[in-house]
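*Asks:* Just dropping this structure here.
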Amino acid sequence: MTEFAAPSRIKAYVWAGGAIFVAAVVMVAGTLAWDARQTALADSKAQATRFVAGAEAALNRSLLAVDVLLASMDELLGLSNVMTAWVDADAASQRLRGSARQNLMVRYVAVLDGAGKTLASSDPAGGGLLVQLPAGFLESVLEQPVSTLMVSAPVVSFASSERVLYFARHLRMAGSTRVVAVAELPVSALSSVLVQGVDISGLQVTLERATGQLLLSVPNREDVMTAPTLTPPIGDLADQGMAWQAPARLTGDPSLVVFRPILYQDLRIAASVPLDAALADWRNQRDAIALTTLLFIAMIVAAGVMALRYVDRMYQARLAIAQSKATLDQALESMVSGFLLLDSQQRVVQWNLQLETILPWLRGVVAPLVPFRTLLEATVEHHAPRLSDDEGRRWVSQRLQRQKHQPEPREQSYANGSTIQITERGTPDGGLVISYHDVTALRKASTEIESLAFYDPLTNLPNRRLLMDRMQQAIAASVRSGQYGALLFLDLDHFKTLNDTRGHEVGDMLLRQVAQRLKTCVRREDTVARLGGDEFVLMLSDLSVHRDEAAAQARRVGEKILRKLNVPYTLGANAHHSTPSIGATLMGGSLQSSVDLLKEADIAMYQVKSQGRNALCFFDPQMQIVISMRAQLESDLQIALTGRQFVLHYQPQFHLDGRLVGAEALIRWQHPERGLVAPGEFIGVAEESELIVPMGHWVLRTACEQLAVWQGDERYRHLQVSVNVSARQFRQRDFVARVVEVLRETGAKPHLLKLELTESLVLDNVDDTIAKIGMLKTKGVRFSVDDFGTGYSSLAYLTRLPLDQLKIDQSFVRNLGVRHTDDVIVQTILGMARNLELDVIAEGVETVAQKDFLARHGCVYFQGYLMGRPTPAAALEALMESSAMAATQG
Ligand SMILES: Nc1nc2c(ncn2[C@@H]2O[C@H](COP(=O)(O)O[C@H]3[C@@H](O)[C@H](n4cnc5c(=O)[nH]c(N)nc54)O[C@@H]3COP(=O)(O)O)[C@@H](O)[C@H]2O)c(=O)[nH]1
């Protein structure tokens, strides 16, 4: 995760930057405001100065006019030549009127004597005018050594009731009598002169003496005029005619005060511009500047806030990106696949650790911006270690070229045994995402699964499924090439016996050795398969295009197999001899079904079995017909069973003394079309299918029913009935229960029922046989071993089995006196039975010689055509009657 600046630091920078901006703006604004203020003050000063200068000029002009008017009265009235008493008041007043009319400011002019009495005036009252000068003013005028214009304090005129000023100078009459020329001027007229129409906001104009005595003011302030001495005097306030921050002359407010002396006496014009008024415009400006400044500051603050928010957002965004990246990194690291991201120039951008685990040689090689070519160059020797340098370089180039056109995942295996699935996906910016998924375990598992699905786990040979698949391909190839192939179906003879007597482990041992030997008999392109049990199939391909030659080739292989499999095996500590039966069929020439071909070879193999085993036999189409007939027979037997088409015949069994002691129940098929069918034609088929079970049960029940009938008859109650029991029937789990049930239901006496078991049945699973015989023996049922001498009779099992009788097979009886070995076998059986205290019955006795031989050697029971053929029960009963009669007569 990349580091980035903490937002607090950036925020501090933003704040500082904002503060600097604000300070700068405030400084500029302050400077501007200050400058504006100074300018405003300067403007006010200039204005006030200009005003005062104008006012001074105007006032000087006006006062000069008044002064001239007063001074001219001397000449006008000729005073210097007359005495006071000579003055014609009317004429003088008339003259004065004419003169005063020229000065509009002057209300009247008058000439007063030293006592203040009016000598003449321009007023209509003429010499009668009462002029009331402020106290002391007349005296101070008269006292002037040189006639100068004097100005009185402002007073309220007696005549006009308005505030006026008196201007006076003394005139010298004849005889040096001093008279005073006076002019009354309304203050308002002088104020107008002073102000001259100028309009300066807040301006206060005063005319005052150096002592501070106020003569007039604009605006007129009666309150001030009543105590018309302004303090401090203007001279103390203003330096060189101007003062800042001085109190306004009228209101005392801080003001700019400009004053100027005029020509007369110590009069001064003062203009006070209150700073408030002077700075009124400036204040607007200042406010505007302040507003603008505030606006600027607000903008700066806003910009700062926005910047801070931007910083925050940036931080959040970066944080989110960092978190996303962390999550991505975490996701990449938790991936089980290796991950590699390339940019558009095929350089490494990102990868995860799993990549280095899956492709360990990339450790230290993979790095940012490393070309993908470098990674491939590091991989070559692990993927294809045998390539030369040039070939390796070519591989790298091809690999680089190929990846642009390979959207589908592909697998690559490495020298370390791993298999990696590689998936490549383009990115929108032209880069490439490559994922490396380790599928080594998966591939191993699928190989194992495939092996389990297609191979026999015991021998590791192809199983039936794979064989069928290869057969399909071989058939198709054979049709294309015209070459024959062959199928050899192989079954081990008596394997079941080995399995049962020595156990499955020994059986498995044999199967594995057989598989090994079979593989040595064929070429690599041939197939050796195990279908299950002791069944093997060999498929030979690419034989001759000529049928006879191909058959000869297959025969040679078959004979080789026979030879090899006849060599004794070592199973554990013991040697074992095993033989195979091999059925063969040719494949090719036409599109045959693999199932049919297998069936043909199977049929051929059964033919070998039926012909004595340990041989090779080719499939004969005639056999197919036999097989079909067998299938038909099986179906017919099913119908016969449910259609009650079976009957029992009974073959008598005699004692040596001629008594009929019993009978063997033998099944017959009363076929609706074929008539009576002997069991030799159908028992074999029934035994191979499940049909023998219900069929045997029917025989047992029917025989027991007959037994019950006979035992109810005085003449036949001693008769024993023998019933053949097939292996499949005997091995039924409920066999014992069924026999007991039948005995109970039919009421047959168990000791009159004899069950005949074949020697091979007895030997097959001896323990089960002993158990079942033992259980039924407790009920009284008797047992006889049928076909005795044909199997592997041994004293060992005879002593273990609770048997009652041995039945010498008719094959021995047939050759008595003909084949010496059979004579010996019969004598041996009889001797052995005697020792074991077992009864012996000889079957197939057809001649008296045979019977005599048997009798001579101790056999006392006989069954055979000599004494009687199998017949229905009624015929047996008749036979018994006649034999009993013969015995009585004899
Ligand atoms: N599981 C069952 N098997 C049965 C049953 N019924 C008969 N069989 C078996 O069928 C085989 C043929 O039987 P069958 O054709 O009935 O032949 C029997 C006799 O007729 C015949 N026999 C008797 N004496 C002579 C003789 O002197 N010469 C001669 N050529 N044949 C003779 O032998 C057969 C009896 O044999 P066995 O049973 O071994 O005593 C046969 O194997 C029957 O067992 C049945 O119900 N169930």
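The chains in the structure tokens are called A, B, ... from first to last as shown; in each chain the residues are counted from 1, and the ligands are counted from 1 in the order shown.
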Hey, which residues come within 8 Å of ligand 1 if we count only C-alpha atoms and all ligand atoms? Could you give them as a PyMOL selection string?
*Replies:* chain A and resi 648+651+664-668+678-680+683+687+692+695-696+699-700+723-726+756+786-787+807+809-810+843-846+863-866+868-870
*Asks:* Near segment 161-170 of chain A, counting only C-alpha atoms, which residues have an atom at most 7 Å away, once you skip same-chain residues fewer than 3 positions from it, shown as a count of residues only?
*Replies:* 25
*Asks:* Using 6 Å as the limit and counting only C-alpha atoms, can you tabulate each residue of segment 257-343 of chain A that touches segment 203-217 of chain A, with its shortest atom-to-atom distance in Å and the two atoms involved, as a Markdown table?
*Replies:*
| residue | atom | partner | partner_atom | distance |
| --- | --- | --- | --- | --- |
| A:Asp266 | CA | A:Arg209 | CA | 5.5 |
| A:Leu267 | CA | A:Arg209 | CA | 4.5 |
| A:Arg268 | CA | A:Glu208 | CA | 5.4 |
| A:Ile269 | CA | A:Leu207 | CA | 4.6 |
| A:Ala270 | CA | A:Thr206 | CA | 5.1 |
| A:Ala271 | CA | A:Val205 | CA | 4.5 |
| A:Ser272 | CA | A:Gln204 | CA | 4.9 |
| A:Val273 | CA | A:Leu203 | CA | 4.8 |
*Asks:* What parts of segment 410-591 of chain A does DSSP call strand (DSSP E)? I'd like the answer as number ranges by chain.
*Replies:* A: 410-413, 419-426, 432-438, 485-492, 527-532, 535-540, 569-571, 574-576, 580-587
*Asks:* One decimal, in Å: what's the spacing between atom CA of Ile808 of chain A and atom CA of Ile829 of chain A?
*Replies:*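 Computing the Euclidean distance for atom CA of Ile808 of chain A and atom CA of Ile829 of chain A yields 7.6 Å.
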*Asks:* Go through segment 143-345 of chain A and collect every residue that DSSP, computed from the backbone, puts in alpha helix (DSSP H); the answer should be as an mmCIF file with N, CA, C and O atoms, in the first residue's frame.
*Replies:*
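Result file follows (selection.cif):
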data_model
loop_
_atom_site.group_PDB
_atom_site.id
_atom_site.type_symbol
_atom_site.label_atom_id
_atom_site.label_comp_id
_atom_site.auth_asym_id
_atom_site.auth_seq_id
_atom_site.Cartn_x
_atom_site.Cartn_y
_atom_site.Cartn_z
ATOM 1 N N VAL A 187 -26.992 90.088 9.898
ATOM 2 C CA VAL A 187 -26.018 88.955 9.883
ATOM 3 C C VAL A 187 -26.311 88.001 8.728
ATOM 4 O O VAL A 187 -25.409 87.472 8.079
ATOM 5 N N SER A 188 -27.610 87.829 8.442
ATOM 6 C CA SER A 188 -27.994 86.884 7.381
ATOM 7 C C SER A 188 -27.421 87.280 6.028
ATOM 8 O O SER A 188 -27.025 86.428 5.227
ATOM 9 N N ALA A 189 -27.339 88.711 5.828
ATOM 10 C CA ALA A 189 -26.790 89.146 4.548
ATOM 11 C C ALA A 189 -25.325 88.794 4.456
ATOM 12 O O ALA A 189 -24.839 88.304 3.423
ATOM 13 N N LEU A 190 -24.655 88.989 5.572
ATOM 14 C CA LEU A 190 -23.219 88.660 5.578
ATOM 15 C C LEU A 190 -23.002 87.153 5.433
ATOM 16 O O LEU A 190 -22.064 86.699 4.779
ATOM 17 N N SER A 191 -23.912 86.418 6.087
ATOM 18 C CA SER A 191 -23.795 84.950 5.986
ATOM 19 C C SER A 191 -23.892 84.510 4.546
ATOM 20 O O SER A 191 -23.145 83.631 4.085
ATOM 21 N N SER A 192 -24.803 85.159 3.800
ATOM 22 C CA SER A 192 -24.955 84.786 2.395
ATOM 23 C C SER A 192 -23.678 85.060 1.630
ATOM 24 O O SER A 192 -23.267 84.271 0.760
ATOM 25 N N VAL A 193 -23.076 86.262 1.993
ATOM 26 C CA VAL A 193 -21.817 86.588 1.312
ATOM 27 C C VAL A 193 -20.769 85.504 1.611
ATOM 28 O O VAL A 193 -20.032 85.057 0.732
ATOM 29 N N LEU A 194 -20.750 85.148 2.912
ATOM 30 C CA LEU A 194 -19.739 84.159 3.313
ATOM 31 C C LEU A 194 -19.927 82.806 2.597
ATOM 32 O O LEU A 194 -18.992 82.249 2.042
ATOM 33 N N VAL A 195 -21.121 82.356 2.593
ATOM 34 C CA VAL A 195 -21.367 80.984 2.095
ATOM 35 C C VAL A 195 -21.314 80.915 0.581
ATOM 36 O O VAL A 195 -20.891 79.920 -0.013
ATOM 37 N N GLU A 222 -28.419 80.133 17.148
ATOM 38 C CA GLU A 222 -28.836 81.153 18.121
ATOM 39 C C GLU A 222 -28.270 80.832 19.498
ATOM 40 O O GLU A 222 -27.914 81.717 20.247
ATOM 41 N N ASP A 223 -28.203 79.537 19.789
ATOM 42 C CA ASP A 223 -27.695 79.151 21.110
ATOM 43 C C ASP A 223 -26.247 79.589 21.293
ATOM 44 O O ASP A 223 -25.836 80.002 22.367
ATOM 45 N N VAL A 224 -25.521 79.532 20.199
ATOM 46 C CA VAL A 224 -24.122 79.938 20.294
ATOM 47 C C VAL A 224 -24.025 81.466 20.305
ATOM 48 O O VAL A 224 -23.207 82.041 21.009
ATOM 49 N N MET A 225 -24.925 82.078 19.531
ATOM 50 C CA MET A 225 -24.869 83.527 19.379
ATOM 51 C C MET A 225 -25.169 84.244 20.692
ATOM 52 O O MET A 225 -24.773 85.392 20.919
ATOM 53 N N ILE A 234 -9.470 80.803 17.854
ATOM 54 C CA ILE A 234 -9.084 80.031 16.666
ATOM 55 C C ILE A 234 -7.572 79.936 16.493
ATOM 56 O O ILE A 234 -7.048 78.908 16.044
ATOM 57 N N GLY A 235 -6.885 80.994 16.910
ATOM 58 C CA GLY A 235 -5.431 81.005 16.729
ATOM 59 C C GLY A 235 -4.744 79.913 17.523
ATOM 60 O O GLY A 235 -3.723 79.388 17.115
ATOM 61 N N ASP A 236 -5.375 79.604 18.641
ATOM 62 C CA ASP A 236 -4.769 78.547 19.463
ATOM 63 C C ASP A 236 -4.979 77.156 18.854
ATOM 64 O O ASP A 236 -4.256 76.218 19.168
ATOM 65 N N LEU A 237 -5.990 77.124 18.034
ATOM 66 C CA LEU A 237 -6.332 75.796 17.471
ATOM 67 C C LEU A 237 -5.533 75.443 16.228
ATOM 68 O O LEU A 237 -4.981 74.368 16.077
ATOM 69 N N LEU A 275 -15.161 65.871 10.704
ATOM 70 C CA LEU A 275 -14.566 64.694 10.040
ATOM 71 C C LEU A 275 -15.627 63.719 9.589
ATOM 72 O O LEU A 275 -15.494 63.060 8.565
ATOM 73 N N ASP A 276 -16.700 63.659 10.373
ATOM 74 C CA ASP A 276 -17.795 62.752 9.975
ATOM 75 C C ASP A 276 -18.276 63.060 8.584
ATOM 76 O O ASP A 276 -18.442 62.176 7.740
ATOM 77 N N ALA A 277 -18.484 64.402 8.367
ATOM 78 C CA ALA A 277 -18.971 64.825 7.056
ATOM 79 C C ALA A 277 -17.884 64.681 6.013
ATOM 80 O O ALA A 277 -18.139 64.249 4.872
ATOM 81 N N ALA A 278 -16.654 65.075 6.444
ATOM 82 C CA ALA A 278 -15.557 65.001 5.476
ATOM 83 C C ALA A 278 -15.341 63.568 4.994
ATOM 84 O O ALA A 278 -14.969 63.329 3.849
ATOM 85 N N ALA A 280 -17.618 61.202 4.958
ATOM 86 C CA ALA A 280 -18.867 60.486 4.635
ATOM 87 C C ALA A 280 -18.693 59.656 3.367
ATOM 88 O O ALA A 280 -19.003 58.452 3.336
ATOM 89 N N ASP A 281 -18.191 60.279 2.328
ATOM 90 C CA ASP A 281 -17.990 59.539 1.069
ATOM 91 C C ASP A 281 -16.964 58.418 1.256
ATOM 92 O O ASP A 281 -17.119 57.310 0.759
ATOM 93 N N TRP A 282 -15.938 58.851 2.007
ATOM 94 C CA TRP A 282 -14.891 57.836 2.225
ATOM 95 C C TRP A 282 -15.458 56.597 2.937
ATOM 96 O O TRP A 282 -15.124 55.474 2.643
ATOM 97 N N ARG A 283 -16.375 56.900 3.877
ATOM 98 C CA ARG A 283 -16.954 55.770 4.603
ATOM 99 C C ARG A 283 -17.687 54.820 3.654
ATOM 100 O O ARG A 283 -17.625 53.599 3.787
ATOM 101 N N ASN A 284 -18.358 55.456 2.689
ATOM 102 C CA ASN A 284 -19.016 54.595 1.692
ATOM 103 C C ASN A 284 -17.983 53.738 0.967
ATOM 104 O O ASN A 284 -18.163 52.551 0.763
ATOM 105 N N GLN A 285 -16.913 54.492 0.608
ATOM 106 C CA GLN A 285 -15.839 53.765 -0.081
ATOM 107 C C GLN A 285 -15.277 52.662 0.810
ATOM 108 O O GLN A 285 -15.070 51.531 0.389
ATOM 109 N N ARG A 286 -15.039 53.103 2.062
ATOM 110 C CA ARG A 286 -14.477 52.134 3.011
ATOM 111 C C ARG A 286 -15.394 50.922 3.142
ATOM 112 O O ARG A 286 -14.957 49.774 3.162
ATOM 113 N N ASP A 287 -16.692 51.232 3.234
ATOM 114 C CA ASP A 287 -17.642 50.126 3.365
ATOM 115 C C ASP A 287 -17.584 49.234 2.137
ATOM 116 O O ASP A 287 -17.644 48.004 2.247
ATOM 117 N N ALA A 288 -17.485 49.918 0.980
ATOM 118 C CA ALA A 288 -17.421 49.132 -0.261
ATOM 119 C C ALA A 288 -16.164 48.253 -0.256
ATOM 120 O O ALA A 288 -16.209 47.062 -0.607
ATOM 121 N N ILE A 289 -15.048 48.904 0.188
ATOM 122 C CA ILE A 289 -13.795 48.126 0.235
ATOM 123 C C ILE A 289 -13.940 46.975 1.228
ATOM 124 O O ILE A 289 -13.555 45.832 0.962
ATOM 125 N N ALA A 290 -14.548 47.364 2.398
ATOM 126 C CA ALA A 290 -14.704 46.321 3.424
ATOM 127 C C ALA A 290 -15.571 45.186 2.892
ATOM 128 O O ALA A 290 -15.281 43.995 3.094
ATOM 129 N N LEU A 291 -16.657 45.638 2.184
ATOM 130 C CA LEU A 291 -17.563 44.618 1.645
ATOM 131 C C LEU A 291 -16.835 43.725 0.636
ATOM 132 O O LEU A 291 -16.939 42.497 0.677
ATOM 133 N N THR A 292 -16.097 44.449 -0.241
ATOM 134 C CA THR A 292 -15.353 43.685 -1.251
ATOM 135 C C THR A 292 -14.343 42.765 -0.578
ATOM 136 O O THR A 292 -14.190 41.604 -0.953
ATOM 137 N N THR A 293 -13.700 43.335 0.479
ATOM 138 C CA THR A 293 -12.718 42.525 1.200
ATOM 139 C C THR A 293 -13.387 41.312 1.820
ATOM 140 O O THR A 293 -12.899 40.182 1.732
ATOM 141 N N LEU A 294 -14.542 41.607 2.457
ATOM 142 C CA LEU A 294 -15.263 40.491 3.068
ATOM 143 C C LEU A 294 -15.635 39.454 2.017
ATOM 144 O O LEU A 294 -15.550 38.241 2.251
ATOM 145 N N LEU A 295 -16.039 40.039 0.857
ATOM 146 C CA LEU A 295 -16.413 39.138 -0.238
ATOM 147 C C LEU A 295 -15.215 38.260 -0.632
ATOM 148 O O LEU A 295 -15.334 37.049 -0.783
ATOM 149 N N PHE A 296 -14.084 38.959 -0.732
ATOM 150 C CA PHE A 296 -12.848 38.232 -1.079
ATOM 151 C C PHE A 296 -12.537 37.177 -0.017
ATOM 152 O O PHE A 296 -12.223 36.031 -0.321
ATOM 153 N N ILE A 297 -12.644 37.661 1.239
ATOM 154 C CA ILE A 297 -12.330 36.728 2.332
ATOM 155 C C ILE A 297 -13.282 35.542 2.302
ATOM 156 O O ILE A 297 -12.880 34.386 2.463
ATOM 157 N N ALA A 298 -14.567 35.935 2.064
ATOM 158 C CA ALA A 298 -15.557 34.847 1.998
ATOM 159 C C ALA A 298 -15.184 33.881 0.888
ATOM 160 O O ALA A 298 -15.286 32.649 1.052
ATOM 161 N N MET A 299 -14.764 34.483 -0.252
ATOM 162 C CA MET A 299 -14.385 33.608 -1.374
ATOM 163 C C MET A 299 -13.171 32.754 -1.005
ATOM 164 O O MET A 299 -13.102 31.563 -1.309
ATOM 165 N N ILE A 300 -12.234 33.401 -0.314
ATOM 166 C CA ILE A 300 -11.033 32.653 0.080
ATOM 167 C C ILE A 300 -11.415 31.543 1.055
ATOM 168 O O ILE A 300 -10.978 30.393 0.933
ATOM 169 N N VAL A 301 -12.296 31.947 2.021
ATOM 170 C CA VAL A 301 -12.720 30.935 3.000
ATOM 171 C C VAL A 301 -13.447 29.806 2.278
ATOM 172 O O VAL A 301 -13.212 28.623 2.530
ATOM 173 N N ALA A 302 -14.341 30.262 1.335
ATOM 174 C CA ALA A 302 -15.092 29.241 0.592
ATOM 175 C C ALA A 302 -14.127 28.355 -0.177
ATOM 176 O O ALA A 302 -14.266 27.115 -0.179
ATOM 177 N N ALA A 303 -13.152 29.028 -0.814
ATOM 178 C CA ALA A 303 -12.178 28.240 -1.576
ATOM 179 C C ALA A 303 -11.412 27.307 -0.638
ATOM 180 O O ALA A 303 -11.161 26.146 -0.968
ATOM 181 N N GLY A 304 -11.095 27.875 0.557
ATOM 182 C CA GLY A 304 -10.385 27.053 1.535
ATOM 183 C C GLY A 304 -11.217 25.860 1.962
ATOM 184 O O GLY A 304 -10.738 24.724 2.010
ATOM 185 N N VAL A 305 -12.513 26.179 2.245
ATOM 186 C CA VAL A 305 -13.405 25.081 2.677
ATOM 187 C C VAL A 305 -13.508 24.040 1.573
ATOM 188 O O VAL A 305 -13.439 22.827 1.822
ATOM 189 N N MET A 306 -13.648 24.591 0.337
ATOM 190 C CA MET A 306 -13.748 23.647 -0.790
ATOM 191 C C MET A 306 -12.463 22.834 -0.919
ATOM 192 O O MET A 306 -12.493 21.625 -1.166
ATOM 193 N N ALA A 307 -11.355 23.562 -0.728
ATOM 194 C CA ALA A 307 -10.075 22.856 -0.817
ATOM 195 C C ALA A 307 -9.984 21.786 0.258
ATOM 196 O O ALA A 307 -9.539 20.666 0.010
ATOM 197 N N LEU A 308 -10.468 22.158 1.466
ATOM 198 C CA LEU A 308 -10.414 21.179 2.556
ATOM 199 C C LEU A 308 -11.298 19.987 2.252
ATOM 200 O O LEU A 308 -10.924 18.834 2.487
ATOM 201 N N ARG A 309 -12.485 20.332 1.721
ATOM 202 C CA ARG A 309 -13.385 19.222 1.371
ATOM 203 C C ARG A 309 -12.781 18.382 0.262
ATOM 204 O O ARG A 309 -12.889 17.153 0.266
ATOM 205 N N TYR A 310 -12.141 19.094 -0.660
ATOM 206 C CA TYR A 310 -11.476 18.354 -1.750
ATOM 207 C C TYR A 310 -10.383 17.458 -1.183
ATOM 208 O O TYR A 310 -10.257 16.290 -1.554
ATOM 209 N N VAL A 311 -9.643 18.059 -0.209
ATOM 210 C CA VAL A 311 -8.573 17.263 0.423
ATOM 211 C C VAL A 311 -9.181 16.047 1.107
ATOM 212 O O VAL A 311 -8.693 14.924 0.988
ATOM 213 N N ASP A 312 -10.322 16.348 1.825
ATOM 214 C CA ASP A 312 -10.992 15.239 2.514
ATOM 215 C C ASP A 312 -11.418 14.172 1.522
ATOM 216 O O ASP A 312 -11.219 12.982 1.735
ATOM 217 N N ARG A 313 -12.045 14.679 0.421
ATOM 218 C CA ARG A 313 -12.522 13.715 -0.583
ATOM 219 C C ARG A 313 -11.366 12.956 -1.199
ATOM 220 O O ARG A 313 -11.438 11.748 -1.407
ATOM 221 N N MET A 314 -10.327 13.759 -1.491
ATOM 222 C CA MET A 314 -9.145 13.116 -2.069
ATOM 223 C C MET A 314 -8.614 12.050 -1.123
ATOM 224 O O MET A 314 -8.260 10.942 -1.520
ATOM 225 N N TYR A 315 -8.617 12.465 0.175
ATOM 226 C CA TYR A 315 -8.098 11.524 1.167
ATOM 227 C C TYR A 315 -8.967 10.277 1.221
ATOM 228 O O TYR A 315 -8.480 9.160 1.222
ATOM 229 N N GLN A 316 -10.322 10.568 1.250
ATOM 230 C CA GLN A 316 -11.251 9.422 1.289
ATOM 231 C C GLN A 316 -11.073 8.565 0.049
ATOM 232 O O GLN A 316 -11.080 7.342 0.131
ATOM 233 N N ALA A 317 -10.957 9.287 -1.088
ATOM 234 C CA ALA A 317 -10.816 8.539 -2.351
ATOM 235 C C ALA A 317 -9.532 7.719 -2.323
ATOM 236 O O ALA A 317 -9.523 6.541 -2.670
ATOM 237 N N ARG A 318 -8.465 8.376 -1.861
ATOM 238 C CA ARG A 318 -7.182 7.658 -1.806
ATOM 239 C C ARG A 318 -7.255 6.511 -0.816
ATOM 240 O O ARG A 318 -6.721 5.435 -1.043
ATOM 241 N N LEU A 319 -7.978 6.831 0.321
ATOM 242 C CA LEU A 319 -8.154 5.786 1.316
ATOM 243 C C LEU A 319 -8.915 4.613 0.712
ATOM 244 O O LEU A 319 -8.553 3.444 0.894
ATOM 245 N N ALA A 320 -9.995 4.997 -0.022
ATOM 246 C CA ALA A 320 -10.815 3.942 -0.654
ATOM 247 C C ALA A 320 -9.971 3.160 -1.653
ATOM 248 O O ALA A 320 -10.030 1.931 -1.707
ATOM 249 N N ILE A 321 -9.160 3.945 -2.425
ATOM 250 C CA ILE A 321 -8.306 3.262 -3.413
ATOM 251 C C ILE A 321 -7.316 2.362 -2.683
ATOM 252 O O ILE A 321 -7.103 1.206 -3.067
ATOM 253 N N ALA A 322 -6.762 2.927 -1.578
ATOM 254 C CA ALA A 322 -5.789 2.137 -0.825
ATOM 255 C C ALA A 322 -6.441 0.894 -0.252
ATOM 256 O O ALA A 322 -5.877 -0.204 -0.276
ATOM 257 N N GLN A 323 -7.703 1.099 0.250
ATOM 258 C CA GLN A 323 -8.402 -0.057 0.814
ATOM 259 C C GLN A 323 -8.719 -1.061 -0.278
ATOM 260 O O GLN A 323 -8.581 -2.265 -0.093
ATOM 261 N N SER A 324 -9.166 -0.504 -1.436
ATOM 262 C CA SER A 324 -9.483 -1.397 -2.557
ATOM 263 C C SER A 324 -8.237 -2.171 -2.950
ATOM 264 O O SER A 324 -8.279 -3.364 -3.204
ATOM 265 N N LYS A 325 -7.139 -1.422 -2.969
ATOM 266 C CA LYS A 325 -5.890 -2.078 -3.367
ATOM 267 C C LYS A 325 -5.511 -3.140 -2.328
ATOM 268 O O LYS A 325 -5.104 -4.249 -2.683
ATOM 269 N N ALA A 326 -5.705 -2.744 -1.036
ATOM 270 C CA ALA A 326 -5.391 -3.719 0.020
ATOM 271 C C ALA A 326 -6.276 -4.943 -0.124
ATOM 272 O O ALA A 326 -5.828 -6.078 -0.004
ATOM 273 N N THR A 327 -7.582 -4.669 -0.401
ATOM 274 C CA THR A 327 -8.522 -5.786 -0.576
ATOM 275 C C THR A 327 -8.109 -6.617 -1.774
ATOM 276 O O THR A 327 -8.119 -7.844 -1.730
ATOM 277 N N LEU A 328 -7.741 -5.889 -2.847
ATOM 278 C CA LEU A 328 -7.324 -6.598 -4.062
ATOM 279 C C LEU A 328 -6.087 -7.452 -3.768
ATOM 280 O O LEU A 328 -6.019 -8.620 -4.138
ATOM 281 N N ASP A 329 -5.124 -6.795 -3.035
ATOM 282 C CA ASP A 329 -3.911 -7.535 -2.693
ATOM 283 C C ASP A 329 -4.251 -8.769 -1.877
ATOM 284 O O ASP A 329 -3.742 -9.854 -2.109
ATOM 285 N N GLN A 330 -5.190 -8.536 -0.905
ATOM 286 C CA GLN A 330 -5.590 -9.639 -0.038
ATOM 287 C C GLN A 330 -6.246 -10.737 -0.877
ATOM 288 O O GLN A 330 -5.950 -11.922 -0.701
ATOM 289 N N ALA A 331 -7.129 -10.270 -1.784
ATOM 290 C CA ALA A 331 -7.828 -11.240 -2.634
ATOM 291 C C ALA A 331 -6.827 -11.997 -3.496
ATOM 292 O O ALA A 331 -6.899 -13.219 -3.634
ATOM 293 N N LEU A 332 -5.868 -11.238 -4.027
ATOM 294 C CA LEU A 332 -4.876 -11.882 -4.894
ATOM 295 C C LEU A 332 -4.068 -12.902 -4.103
ATOM 296 O O LEU A 332 -3.778 -13.997 -4.584
ATOM 297 N N GLU A 333 -3.730 -12.498 -2.849
ATOM 298 C CA GLU A 333 -2.895 -13.408 -2.060
ATOM 299 C C GLU A 333 -3.678 -14.610 -1.561
ATOM 300 O O GLU A 333 -3.120 -15.639 -1.247
ATOM 301 N N SER A 334 -5.015 -14.427 -1.439
ATOM 302 C CA SER A 334 -5.786 -15.573 -0.964
ATOM 303 C C SER A 334 -6.251 -16.461 -2.116
ATOM 304 O O SER A 334 -6.911 -17.464 -1.909
#
